[in-house]
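Undergrad: So that you have it, the file is structure.txt, and it contains compact mmCIF, C-alpha atoms and all ligand atoms:
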```txt
# COMPACT_ATOMS: atom_id res chain seq x y z
CA MET A 1 -5.79 -16.95 -13.29
CA ARG A 2 -5.18 -13.19 -13.32
CA PHE A 3 -8.73 -12.45 -14.46
CA PRO A 4 -11.90 -14.53 -14.83
CA ILE A 5 -11.93 -16.58 -18.00
CA GLY A 6 -15.01 -14.75 -19.39
CA PHE A 7 -13.24 -11.40 -19.12
CA MET A 8 -10.16 -12.64 -20.94
CA MET A 9 -12.22 -14.34 -23.65
CA ALA A 10 -14.29 -11.19 -24.20
CA GLN A 11 -11.08 -9.24 -24.83
CA ASN A 12 -9.71 -11.88 -27.17
CA ARG A 13 -12.98 -12.06 -29.12
CA HIS A 14 -13.02 -8.28 -29.45
CA ARG A 15 -9.41 -8.16 -30.64
CA THR A 16 -10.01 -10.93 -33.19
CA ARG A 17 -13.21 -9.32 -34.46
CA MET A 18 -11.60 -5.91 -34.85
CA GLU A 19 -8.49 -7.22 -36.55
CA ARG A 20 -10.46 -9.48 -38.90
CA SER A 21 -12.53 -6.50 -39.95
CA GLY A 22 -9.31 -4.65 -40.76
CA GLN A 23 -9.41 -2.13 -37.90
CA LYS A 24 -5.93 -0.89 -37.05
CA ARG A 25 -7.17 1.17 -34.13
CA TYR A 26 -10.10 0.34 -31.86
CA PRO A 27 -11.06 0.95 -28.24
CA THR A 28 -11.01 -1.93 -25.77
CA VAL A 29 -11.66 0.08 -22.62
CA LEU A 30 -13.97 3.03 -22.07
CA MET A 31 -12.96 5.18 -19.11
CA LEU A 32 -16.42 6.48 -18.26
CA GLU A 33 -16.46 9.44 -15.89
CA PRO A 34 -20.12 10.06 -15.09
CA LEU A 35 -19.29 12.70 -12.50
CA TYR A 36 -16.44 14.95 -11.42
CA THR A 37 -17.47 14.94 -7.75
CA CYS A 38 -15.40 13.20 -5.07
CA ASN A 39 -15.35 12.77 -1.31
CA LEU A 40 -11.54 13.09 -1.33
CA ALA A 41 -9.11 15.55 -2.91
CA CYS A 42 -6.06 13.34 -3.48
CA ILE A 43 -2.89 15.27 -4.17
CA GLY A 44 -2.12 13.34 -7.36
CA CYS A 45 -5.58 13.76 -8.91
CA SER A 46 -6.34 16.40 -11.54
CA VAL A 47 -8.20 19.26 -9.86
CA GLU A 48 -11.20 19.16 -12.24
CA ARG A 49 -11.79 15.47 -11.42
CA HIS A 50 -12.75 16.12 -7.81
CA THR A 51 -14.22 19.63 -7.78
CA GLY A 52 -17.29 19.16 -10.00
CA LYS A 53 -20.85 19.58 -8.79
CA LEU A 54 -23.08 16.53 -8.55
CA LYS A 55 -25.81 18.31 -10.50
CA ASP A 56 -23.45 18.44 -13.51
CA ARG A 57 -23.18 14.63 -13.68
CA MET A 58 -24.01 12.68 -16.82
CA ASP A 59 -27.45 11.15 -17.09
CA LEU A 60 -27.78 7.41 -17.69
CA GLU A 61 -28.83 7.81 -21.30
CA THR A 62 -25.66 9.77 -22.05
CA CYS A 63 -23.53 7.11 -20.34
CA PHE A 64 -25.12 4.31 -22.36
CA LYS A 65 -24.79 6.26 -25.61
CA ALA A 66 -21.05 6.65 -25.02
CA VAL A 67 -20.83 2.90 -24.31
CA GLU A 68 -22.68 2.04 -27.54
CA ASP A 69 -20.79 4.60 -29.63
CA CYS A 70 -17.32 3.33 -28.76
CA GLY A 71 -18.16 -0.40 -28.60
CA ALA A 72 -15.47 -1.29 -26.03
CA PRO A 73 -16.15 -4.54 -24.12
CA ILE A 74 -14.75 -3.10 -20.87
CA VAL A 75 -16.15 -0.06 -19.09
CA ASN A 76 -14.04 1.45 -16.36
CA ILE A 77 -16.32 3.60 -14.20
CA CYS A 78 -14.15 6.29 -12.66
CA GLY A 79 -14.51 10.03 -12.26
CA GLY A 80 -14.92 11.48 -9.61
CA GLU A 81 -15.92 8.83 -7.14
CA PRO A 82 -18.40 6.38 -8.73
CA THR A 83 -20.06 5.47 -5.42
CA LEU A 84 -21.32 9.08 -5.22
CA TYR A 85 -23.16 8.69 -8.54
CA PRO A 86 -26.81 8.39 -7.51
CA GLU A 87 -27.70 6.18 -10.49
CA LEU A 88 -24.80 3.75 -9.97
CA LYS A 89 -26.97 0.65 -9.51
CA GLU A 90 -28.91 1.36 -12.74
CA LEU A 91 -25.66 2.09 -14.58
CA VAL A 92 -24.07 -1.20 -13.52
CA GLU A 93 -27.25 -3.17 -14.31
CA GLY A 94 -27.50 -1.54 -17.74
CA LEU A 95 -23.88 -2.35 -18.53
CA ILE A 96 -24.27 -5.97 -17.48
CA GLU A 97 -27.40 -6.21 -19.68
CA ARG A 98 -25.22 -4.99 -22.53
CA ASN A 99 -22.72 -7.77 -21.73
CA LYS A 100 -19.97 -5.35 -20.71
CA TYR A 101 -17.28 -5.97 -18.12
CA ILE A 102 -17.14 -3.26 -15.47
CA ILE A 103 -14.16 -2.05 -13.53
CA MET A 104 -15.29 0.26 -10.75
CA CYS A 105 -12.42 2.47 -9.54
CA THR A 106 -13.18 3.57 -6.01
CA ASN A 107 -11.58 4.94 -2.86
CA ALA A 108 -13.87 2.46 -1.01
CA ILE A 109 -15.13 4.97 1.59
CA LYS A 110 -18.78 4.53 0.52
CA LEU A 111 -18.66 0.93 -0.69
CA GLU A 112 -20.56 -0.44 2.27
CA GLU A 113 -23.36 2.10 1.97
CA LYS A 114 -23.63 2.34 -1.82
CA VAL A 115 -22.58 -1.02 -3.24
CA PHE A 116 -22.75 -3.91 -0.76
CA ASP A 117 -26.39 -5.11 -0.48
CA LYS A 118 -27.41 -2.91 -3.42
CA ILE A 119 -25.36 -4.19 -6.34
CA PRO A 120 -24.73 -7.95 -6.10
CA PRO A 121 -21.36 -9.54 -6.95
CA SER A 122 -21.10 -10.55 -10.58
CA PRO A 123 -18.42 -12.09 -12.82
CA HIS A 124 -18.91 -8.90 -14.87
CA LEU A 125 -18.08 -6.53 -12.00
CA PHE A 126 -14.61 -5.83 -10.62
CA LEU A 127 -14.04 -3.49 -7.71
CA MET A 128 -10.73 -1.67 -8.16
CA ILE A 129 -9.78 -0.16 -4.83
CA HIS A 130 -7.36 2.71 -4.73
CA LEU A 131 -4.38 2.12 -2.39
CA ASP A 132 -1.33 4.18 -3.27
CA GLY A 133 0.95 2.85 -0.55
CA MET A 134 0.91 1.64 3.01
CA ARG A 135 -0.86 3.65 5.73
CA GLU A 136 1.37 6.73 5.94
CA THR A 137 1.85 7.17 2.19
CA HIS A 138 -1.75 6.42 1.22
CA ASP A 139 -3.21 8.79 3.81
CA TYR A 140 -0.72 11.44 2.65
CA VAL A 141 -1.68 10.96 -1.02
CA CYS A 142 -5.40 11.02 -0.12
CA ASN A 143 -4.86 14.05 2.07
CA ARG A 144 -6.86 12.47 4.91
CA LYS A 145 -6.02 10.25 7.85
CA GLY A 146 -7.79 6.91 8.20
CA VAL A 147 -8.46 6.30 4.48
CA PHE A 148 -5.95 3.44 4.31
CA ASP A 149 -7.58 1.53 7.18
CA GLN A 150 -11.04 2.04 5.68
CA ALA A 151 -9.91 0.82 2.26
CA VAL A 152 -8.25 -2.28 3.70
CA ALA A 153 -11.37 -3.14 5.72
CA MET A 154 -13.49 -2.76 2.57
CA VAL A 155 -11.21 -5.01 0.49
CA LYS A 156 -11.60 -7.68 3.15
CA LYS A 157 -15.36 -7.29 3.32
CA ALA A 158 -15.76 -7.18 -0.47
CA ARG A 159 -13.91 -10.48 -0.75
CA GLU A 160 -16.01 -12.05 1.99
CA LEU A 161 -19.13 -10.99 0.10
CA GLY A 162 -17.80 -12.52 -3.12
CA TYR A 163 -16.91 -9.45 -5.22
CA TYR A 164 -13.94 -9.64 -7.57
CA THR A 165 -11.65 -7.15 -5.85
CA TYR A 166 -8.35 -5.66 -7.00
CA LEU A 167 -5.99 -3.06 -5.60
CA ASN A 168 -5.04 -0.13 -7.79
CA THR A 169 -1.70 1.45 -6.94
CA THR A 170 -0.18 4.52 -8.51
CA VAL A 171 3.52 4.97 -7.82
CA PHE A 172 4.58 8.52 -6.90
CA LYS A 173 7.91 9.94 -5.76
CA GLU A 174 6.89 9.26 -2.14
CA THR A 175 6.09 5.61 -2.80
CA SER A 176 8.96 3.32 -1.85
CA VAL A 177 9.44 0.08 -3.73
CA VAL A 178 9.39 -1.75 -0.40
CA GLU A 179 5.86 -0.62 0.29
CA VAL A 180 4.75 -1.57 -3.22
CA GLU A 181 5.94 -5.08 -2.36
CA ASP A 182 4.13 -4.84 0.99
CA LEU A 183 0.93 -4.04 -0.93
CA CYS A 184 1.51 -7.08 -3.15
CA LYS A 185 1.84 -9.23 -0.03
CA MET A 186 -1.34 -7.69 1.31
CA VAL A 187 -3.20 -8.85 -1.82
CA ASP A 188 -2.49 -12.43 -0.71
CA GLU A 189 -3.31 -11.75 2.94
CA LEU A 190 -6.64 -10.12 2.07
CA LYS A 191 -7.37 -12.78 -0.56
CA ALA A 192 -7.83 -10.03 -3.15
CA ASN A 193 -7.78 -10.97 -6.83
CA GLY A 194 -4.78 -8.90 -7.86
CA ILE A 195 -3.04 -5.54 -7.98
CA LEU A 196 -2.58 -3.05 -10.80
CA ILE A 197 0.59 -0.98 -10.41
CA SER A 198 1.11 2.07 -12.61
CA PRO A 199 3.42 5.10 -12.62
CA GLY A 200 1.76 8.39 -11.51
CA TYR A 201 0.40 10.59 -14.27
CA GLU A 202 1.68 14.11 -14.51
CA TYR A 203 -1.39 16.40 -14.54
CA GLU A 204 -0.84 20.00 -15.52
CA SER A 205 -3.34 21.10 -12.85
CA VAL A 206 -1.37 19.43 -10.04
CA GLU A 207 1.27 21.79 -8.70
CA LYS A 208 2.97 19.53 -6.16
CA ASP A 209 6.17 17.86 -7.32
CA ILE A 210 5.07 14.29 -6.66
CA PHE A 211 5.45 12.72 -10.09
CA LEU A 212 8.31 10.57 -11.26
CA THR A 213 10.61 11.49 -14.15
CA LYS A 214 11.17 8.82 -16.77
CA ASP A 215 14.48 7.75 -15.16
CA GLN A 216 12.84 7.50 -11.74
CA ILE A 217 10.02 5.40 -13.24
CA HIS A 218 12.58 3.06 -14.78
CA GLU A 219 14.47 2.69 -11.53
CA LYS A 220 11.38 1.93 -9.41
CA PHE A 221 9.84 -0.38 -11.99
CA ARG A 222 13.06 -2.36 -12.44
CA SER A 223 12.71 -3.36 -8.79
CA ILE A 224 8.94 -3.88 -9.07
CA ARG A 225 9.45 -6.09 -12.12
CA ASP A 226 12.01 -8.17 -10.22
CA PHE A 227 9.50 -9.19 -7.56
CA SER A 228 6.29 -9.02 -9.65
CA SER A 229 6.28 -12.69 -10.67
CA ARG A 230 5.85 -13.74 -7.04
CA TYR A 231 2.54 -11.87 -6.72
CA LYS A 232 -0.79 -11.35 -8.49
CA VAL A 233 0.36 -8.26 -10.41
CA ASN A 234 -2.04 -7.47 -13.24
CA ALA A 235 0.27 -5.56 -15.56
CA THR A 236 1.57 -7.80 -18.36
CA PRO A 237 5.27 -8.75 -18.34
CA MET A 238 5.77 -6.65 -21.49
CA PHE A 239 4.25 -3.57 -19.89
CA LEU A 240 6.53 -4.02 -16.88
CA GLU A 241 9.55 -4.30 -19.21
CA PHE A 242 8.44 -1.04 -20.81
CA ALA A 243 7.91 0.65 -17.43
CA ALA A 244 11.36 -0.55 -16.38
CA GLY A 245 12.93 1.04 -19.49
CA MET A 246 13.86 -2.31 -21.05
CA ARG A 247 11.83 -1.88 -24.24
CA GLU A 248 10.14 0.92 -26.17
CA LEU A 249 6.51 0.88 -27.27
CA PRO A 250 4.31 3.26 -29.24
CA CYS A 251 1.39 4.71 -27.33
CA ALA A 252 -2.12 3.46 -28.14
CA PRO A 253 -4.33 6.21 -26.67
CA TRP A 254 -7.27 5.05 -28.83
CA SER A 255 -7.32 1.69 -27.00
CA THR A 256 -8.59 3.35 -23.80
CA VAL A 257 -10.94 6.19 -24.64
CA ASN A 258 -12.17 8.65 -22.04
CA TYR A 259 -15.71 10.07 -21.85
CA THR A 260 -16.12 12.91 -19.36
CA PRO A 261 -19.01 15.17 -18.34
CA GLY A 262 -17.75 17.56 -21.06
CA GLY A 263 -17.46 14.94 -23.82
CA TRP A 264 -14.70 12.78 -25.35
CA LYS A 265 -11.29 13.82 -24.10
CA ALA A 266 -8.68 13.84 -26.88
CA PRO A 267 -6.21 12.30 -27.12
CA CYS A 268 -6.24 10.49 -23.78
CA TYR A 269 -7.23 10.30 -20.13
CA LEU A 270 -4.19 12.38 -19.23
CA VAL A 271 -3.99 15.04 -21.92
CA GLY A 272 -7.12 16.92 -22.87
CA GLU A 273 -6.03 18.96 -25.87
CA THR A 274 -9.70 19.09 -26.83
CA VAL A 275 -12.97 17.80 -25.44
CA ILE A 276 -15.34 16.79 -28.21
CA LYS A 277 -19.07 16.24 -27.88
CA ASP A 278 -19.68 13.55 -30.45
CA TRP A 279 -17.96 10.22 -30.97
CA GLU A 280 -17.57 10.41 -34.77
CA THR A 281 -15.77 13.75 -34.64
CA PHE A 282 -13.57 12.61 -31.76
CA TRP A 283 -12.61 9.34 -33.43
CA ASN A 284 -12.12 10.72 -36.93
CA THR A 285 -10.42 14.04 -36.22
CA THR A 286 -7.94 13.14 -33.46
CA ASN A 287 -4.47 12.84 -34.92
CA TRP A 288 -3.78 9.34 -33.57
CA GLU A 289 -0.59 8.93 -35.55
CA TYR A 290 0.90 11.98 -33.86
CA TRP A 291 -0.03 10.81 -30.34
CA GLU A 292 1.17 7.26 -31.00
CA SER A 293 4.60 8.70 -31.77
CA ARG A 294 4.92 10.17 -28.22
CA LYS A 295 6.77 13.16 -29.63
CA ASP A 296 4.53 15.70 -27.92
CA PRO A 297 6.27 17.27 -24.88
CA LYS A 298 3.27 16.20 -22.73
CA CYS A 299 4.12 12.57 -23.44
CA LEU A 300 7.71 12.92 -22.23
CA ASN A 301 7.36 11.27 -18.81
CA CYS A 302 4.25 9.24 -19.54
CA LYS A 303 4.23 5.50 -18.98
CA MET A 304 0.52 5.39 -18.23
CA HIS A 305 -0.81 1.86 -18.08
CA SER A 306 -3.89 2.64 -20.15
CA GLY A 307 -1.81 4.14 -22.97
CA PHE A 308 0.64 1.28 -23.34
CA GLU A 309 -0.91 -2.02 -22.23
CA HIS A 310 -2.55 -2.53 -25.63
CA SER A 311 0.80 -1.94 -27.36
CA ALA A 312 2.50 -4.33 -24.93
CA VAL A 313 0.03 -7.11 -25.77
CA SER A 314 0.23 -6.40 -29.54
CA GLU A 315 4.01 -6.61 -29.35
CA ALA A 316 3.83 -9.93 -27.51
CA MET A 317 1.39 -11.36 -30.07
CA LYS A 318 3.93 -10.83 -32.88
CA THR A 319 6.12 -13.78 -31.83
CA MET A 320 5.51 -17.33 -30.59
CA LYS A 321 7.72 -16.59 -27.60
CA GLY A 322 5.67 -13.51 -26.71
CA LYS A 323 2.37 -15.40 -27.14
CA ALA A 324 3.62 -18.21 -24.90
CA GLN A 325 4.85 -15.74 -22.28
CA LEU A 326 1.48 -13.99 -22.29
CA ALA A 327 -0.45 -17.27 -22.04
CA VAL A 328 1.66 -18.45 -19.09
CA TRP A 329 1.25 -15.09 -17.37
CA SER A 330 -2.55 -15.12 -17.89
CA VAL A 331 -3.11 -18.51 -16.28
CA SER A 332 -0.51 -18.29 -13.50
CA LYS A 333 -1.40 -17.00 -10.01
S1 LIG B 401 2.05 8.97 -24.14
FE1 LIG B 401 0.69 9.31 -22.35
S2 LIG B 401 0.16 11.49 -22.49
FE2 LIG B 401 0.92 10.89 -24.52
S3 LIG B 401 -0.91 10.27 -25.67
FE3 LIG B 401 -0.06 8.43 -24.74
S4 LIG B 401 -1.20 8.20 -22.83
FE4 LIG B 401 -1.49 10.33 -23.49
```
Spit out the file's structure as structure tokens when you get a sec.
Ligand code: SF4

TA:
Amino acid sequence: MRFPIGFMMAQNRHRTRMERSGQKRYPTVLMLEPLYTCNLACIGCSVERHTGKLKDRMDLETCFKAVEDCGAPIVNICGGEPTLYPELKELVEGLIERNKYIIMCTNAIKLEEKVFDKIPPSPHLFLMIHLDGMRETHDYVCNRKGVFDQAVAMVKKARELGYYTYLNTTVFKETSVVEVEDLCKMVDELKANGILISPGYEYESVEKDIFLTKDQIHEKFRSIRDFSSRYKVNATPMFLEFAAGMRELPCAPWSTVNYTPGGWKAPCYLVGETVIKDWETFWNTTNWEYWESRKDPKCLNCKMHSGFEHSAVSEAMKTMKGKAQLAVWSVSK
């Protein structure tokens, strides 16, 4: 199975509940960024996400309010580097008490010190370890030597300790398709639970020319799609078809909402046209129809996983063939 059964059922229940109550748009994932402090300064990361001061972090009450306000069953703790958040243990415990599923996106440098022995493995907790290529590429992207080896050692240890552990790979210009396949092989070698592969996001604050154009995304993802069925790749087949340029999809930025130390980022994790303090204003005033259309110039090269996976699943659910394909994909590997 790609994901634990409880996780998949929670998503299905949420989807059914929302659709039965007539909701056309609803969040499934909250990208919660409790801090904008990091122990790395990766070249593909937006500058504001790693230069914030720890004292400006969100308090726990604010985190939980955002979780309650949006109602998403999945909380992706990112940032910033979550293991630097001093209240991480309390945050994870509070989310599990609220029956949420937690994806913790981490560079793994502090996992041993801040997570192992402090936060026990749980079917509600998934460690998502950042690995953007093999040694040379990953250390280049992270702007520091040795990060690849540390991350690999932590994946191994996390699995030995019984944590659900996934690799999270962003594909940049420097990333060769061969090394993406090497990472997929490594998932099996390290007995990790899977790998999420997504095209790099083009941040305005990043000056280096490391991001792929739409044609380059299509070319790389055509090859990735060709080998993906042999490995535990966690992007759905429909998303991979979209990333490979074989089908079009509308964006669903509302499916993955982003709460930052400044407030709700509208419309999406990537584009912050506005940052709004309260949920009601964010949800009711963002022009979702406009952003779904992808006609804004900022959407031109975007194939961000979080914007399109919901649309990919919705598209699949429209036909028996799509439903069957999704079911087979979910239970295989
Ligand atoms: S296409 Fe990308 S940049 Fe545009 S709204 Fe969707 S996720 Fe954001």

Undergrad: Could you report the residues within 9 Å of ligand LIG 401 (chain B), using only C-alpha atoms and all ligand atoms, as JSON, numbers by chain?

TA: {"A": [201, 202, 250, 251, 252, 253, 254, 256, 266, 267, 268, 269, 270, 271, 272, 288, 290, 291, 292, 293, 294, 295, 296, 297, 298, 299, 300, 301, 302, 303, 304, 305, 306, 307, 308]}

Undergrad: Could you give me, as a PyMOL selection string, the residues within 10 Å of Gly245 of chain A, counting only C-alpha atoms and dropping anything in the same chain fewer than 4 positions from it?

TA: chain A and resi 214-215+217-219+221-222+239-241+303

Undergrad: Convert the current residue selection to file output with C-alpha atoms, as a compact mmCIF listing (two decimals), in the coordinates of the input.

TA:
```txt
# COMPACT_ATOMS: atom_id res chain seq x y z
CA LYS A 214 11.17 8.82 -16.77
CA ASP A 215 14.48 7.75 -15.16
CA ILE A 217 10.02 5.40 -13.24
CA HIS A 218 12.58 3.06 -14.78
CA GLU A 219 14.47 2.69 -11.53
CA PHE A 221 9.84 -0.38 -11.99
CA ARG A 222 13.06 -2.36 -12.44
CA PHE A 239 4.25 -3.57 -19.89
CA LEU A 240 6.53 -4.02 -16.88
CA GLU A 241 9.55 -4.30 -19.21
CA LYS A 303 4.23 5.50 -18.98
```

Undergrad: Select, from A:Cys184, A:Val155, A:Val177, A:Leu95, the residue with the minimum atom-to-atom distance to Ala66 of chain A, counting only C-alpha atoms.

TA: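 Of the candidates, the smallest distance to Ala66 of chain A is held by A:Leu95.
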
Undergrad: Can you measure atom CA of Phe211 of chain A to atom CA of Ile195 of chain A for me? One decimal in Å is fine.

TA: 20.2 Å

Undergrad: Got a sec: who's within 10 Å of segment 97-107 of chain A, counting all atoms listed in the file, leaving out chain neighbours fewer than 5 positions off, as a short mmCIF file (atom, residue, chain, number, x, y, z; two decimals) with C-alpha atoms, keeping the file's coordinate frame?

TA:
```
data_model
loop_
_atom_site.label_atom_id
_atom_site.label_comp_id
_atom_site.auth_asym_id
_atom_site.auth_seq_id
_atom_site.Cartn_x
_atom_site.Cartn_y
_atom_site.Cartn_z
CA GLY A 6 -15.01 -14.75 -19.39
CA PHE A 7 -13.24 -11.40 -19.12
CA ALA A 10 -14.29 -11.19 -24.20
CA GLN A 11 -11.08 -9.24 -24.83
CA VAL A 29 -11.66 0.08 -22.62
CA LEU A 30 -13.97 3.03 -22.07
CA MET A 31 -12.96 5.18 -19.11
CA LEU A 32 -16.42 6.48 -18.26
CA CYS A 38 -15.40 13.20 -5.07
CA ASN A 39 -15.35 12.77 -1.31
CA LEU A 40 -11.54 13.09 -1.33
CA PHE A 64 -25.12 4.31 -22.36
CA VAL A 67 -20.83 2.90 -24.31
CA GLU A 68 -22.68 2.04 -27.54
CA GLY A 71 -18.16 -0.40 -28.60
CA ALA A 72 -15.47 -1.29 -26.03
CA PRO A 73 -16.15 -4.54 -24.12
CA ILE A 74 -14.75 -3.10 -20.87
CA VAL A 75 -16.15 -0.06 -19.09
CA ASN A 76 -14.04 1.45 -16.36
CA ILE A 77 -16.32 3.60 -14.20
CA CYS A 78 -14.15 6.29 -12.66
CA GLY A 79 -14.51 10.03 -12.26
CA GLY A 80 -14.92 11.48 -9.61
CA GLU A 81 -15.92 8.83 -7.14
CA PRO A 82 -18.40 6.38 -8.73
CA THR A 83 -20.06 5.47 -5.42
CA LEU A 84 -21.32 9.08 -5.22
CA LEU A 91 -25.66 2.09 -14.58
CA VAL A 92 -24.07 -1.20 -13.52
CA SER A 122 -21.10 -10.55 -10.58
CA PRO A 123 -18.42 -12.09 -12.82
CA HIS A 124 -18.91 -8.90 -14.87
CA LEU A 125 -18.08 -6.53 -12.00
CA PHE A 126 -14.61 -5.83 -10.62
CA LEU A 127 -14.04 -3.49 -7.71
CA MET A 128 -10.73 -1.67 -8.16
CA ILE A 129 -9.78 -0.16 -4.83
CA HIS A 130 -7.36 2.71 -4.73
CA LEU A 131 -4.38 2.12 -2.39
CA CYS A 142 -5.40 11.02 -0.12
CA VAL A 147 -8.46 6.30 4.48
CA PHE A 148 -5.95 3.44 4.31
CA GLN A 150 -11.04 2.04 5.68
CA ALA A 151 -9.91 0.82 2.26
CA MET A 154 -13.49 -2.76 2.57
CA TYR A 164 -13.94 -9.64 -7.57
CA THR A 165 -11.65 -7.15 -5.85
CA TYR A 166 -8.35 -5.66 -7.00
CA LEU A 167 -5.99 -3.06 -5.60
CA ASN A 168 -5.04 -0.13 -7.79
#
```

Undergrad: Taking all atoms listed in the file into account, which of A:Ala153, A:Cys63, A:Met18, A:Met9 comes nearest Pro261 of chain A?

TA: A:Cys63

Undergrad: Rank nothing, just name the residue among A:Leu35, A:Val328, A:Ala316, A:Val171 nearest to Thr51 of chain A, using only C-alpha atoms.

TA: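 Of A:Leu35, A:Val328, A:Ala316, A:Val171, the one nearest Thr51 of chain A, counting only C-alpha atoms, is A:Leu35.
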
Undergrad: Can you pull out the residues contacting Asp278 of chain A? Cut-off 9 Å, using only C-alpha atoms, and skip same-chain residues under 3 positions away; I want them as a PDB file with C-alpha atoms, in the coordinates of the input.

TA:
```pdb
ATOM      1  CA  ALA A  66     -21.050   6.650 -25.020  1.00  0.00           C
ATOM      2  CA  GLY A 263     -17.460  14.940 -23.820  1.00  0.00           C
ATOM      3  CA  TRP A 264     -14.700  12.780 -25.350  1.00  0.00           C
ATOM      4  CA  THR A 281     -15.770  13.750 -34.640  1.00  0.00           C
ATOM      5  CA  PHE A 282     -13.570  12.610 -31.760  1.00  0.00           C
ATOM      6  CA  TRP A 283     -12.610   9.340 -33.430  1.00  0.00           C
TER       7      TRP A 283
END
```

Undergrad: Can you work out which one of A:Gly262, A:Ala327, A:Arg247, A:Leu54 has the shortest atom-to-atom distance to Glu87 of chain A, counting all atoms listed in the file?

TA: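 So, comparing all the options, the nearest one is A:Leu54.
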
Undergrad: When you draw a straight line from atom CA of Pro34 of chain A to atom CA of Met58 of chain A, how long is it in Å?

TA: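 Atom CA of Pro34 of chain A sits 5.0 Å away from atom CA of Met58 of chain A.
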
Undergrad: Work out where the centre of an axis-aligned box around every listed atom of segment 283-298 of chain A lies and how long its edges are once 5 Å is added on each side; give both in Å to one decimal as JSON.

TA:
```
{"center_x": -2.9, "center_y": 12.3, "center_z": -29.8, "size_x": 29.4, "size_y": 20.0, "size_z": 24.2}
```

Undergrad: Find the residue from A:Ile276, A:Tyr259, A:Leu111, A:Ile43 that sits nearest to Arg57 of chain A; use only C-alpha atoms when measuring.

TA: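 Using only C-alpha atoms, Arg57 of chain A sits closest to A:Tyr259.
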
Undergrad: From the set A:Lys145, A:Lys323, A:Thr137, A:Lys333, which residue has the shortest atom-to-atom contact distance to Arg230 of chain A, counting all atoms listed in the file?

TA: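 Result for the nearest residue to Arg230 of chain A: A:Lys333.
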
Undergrad: Rounded to one decimal place, report the atom CA of Thr170 of chain A-atom CA of Asp132 of chain A distance in Å.

TA: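 Separation between atom CA of Thr170 of chain A and atom CA of Asp132 of chain A: 5.4 Å.
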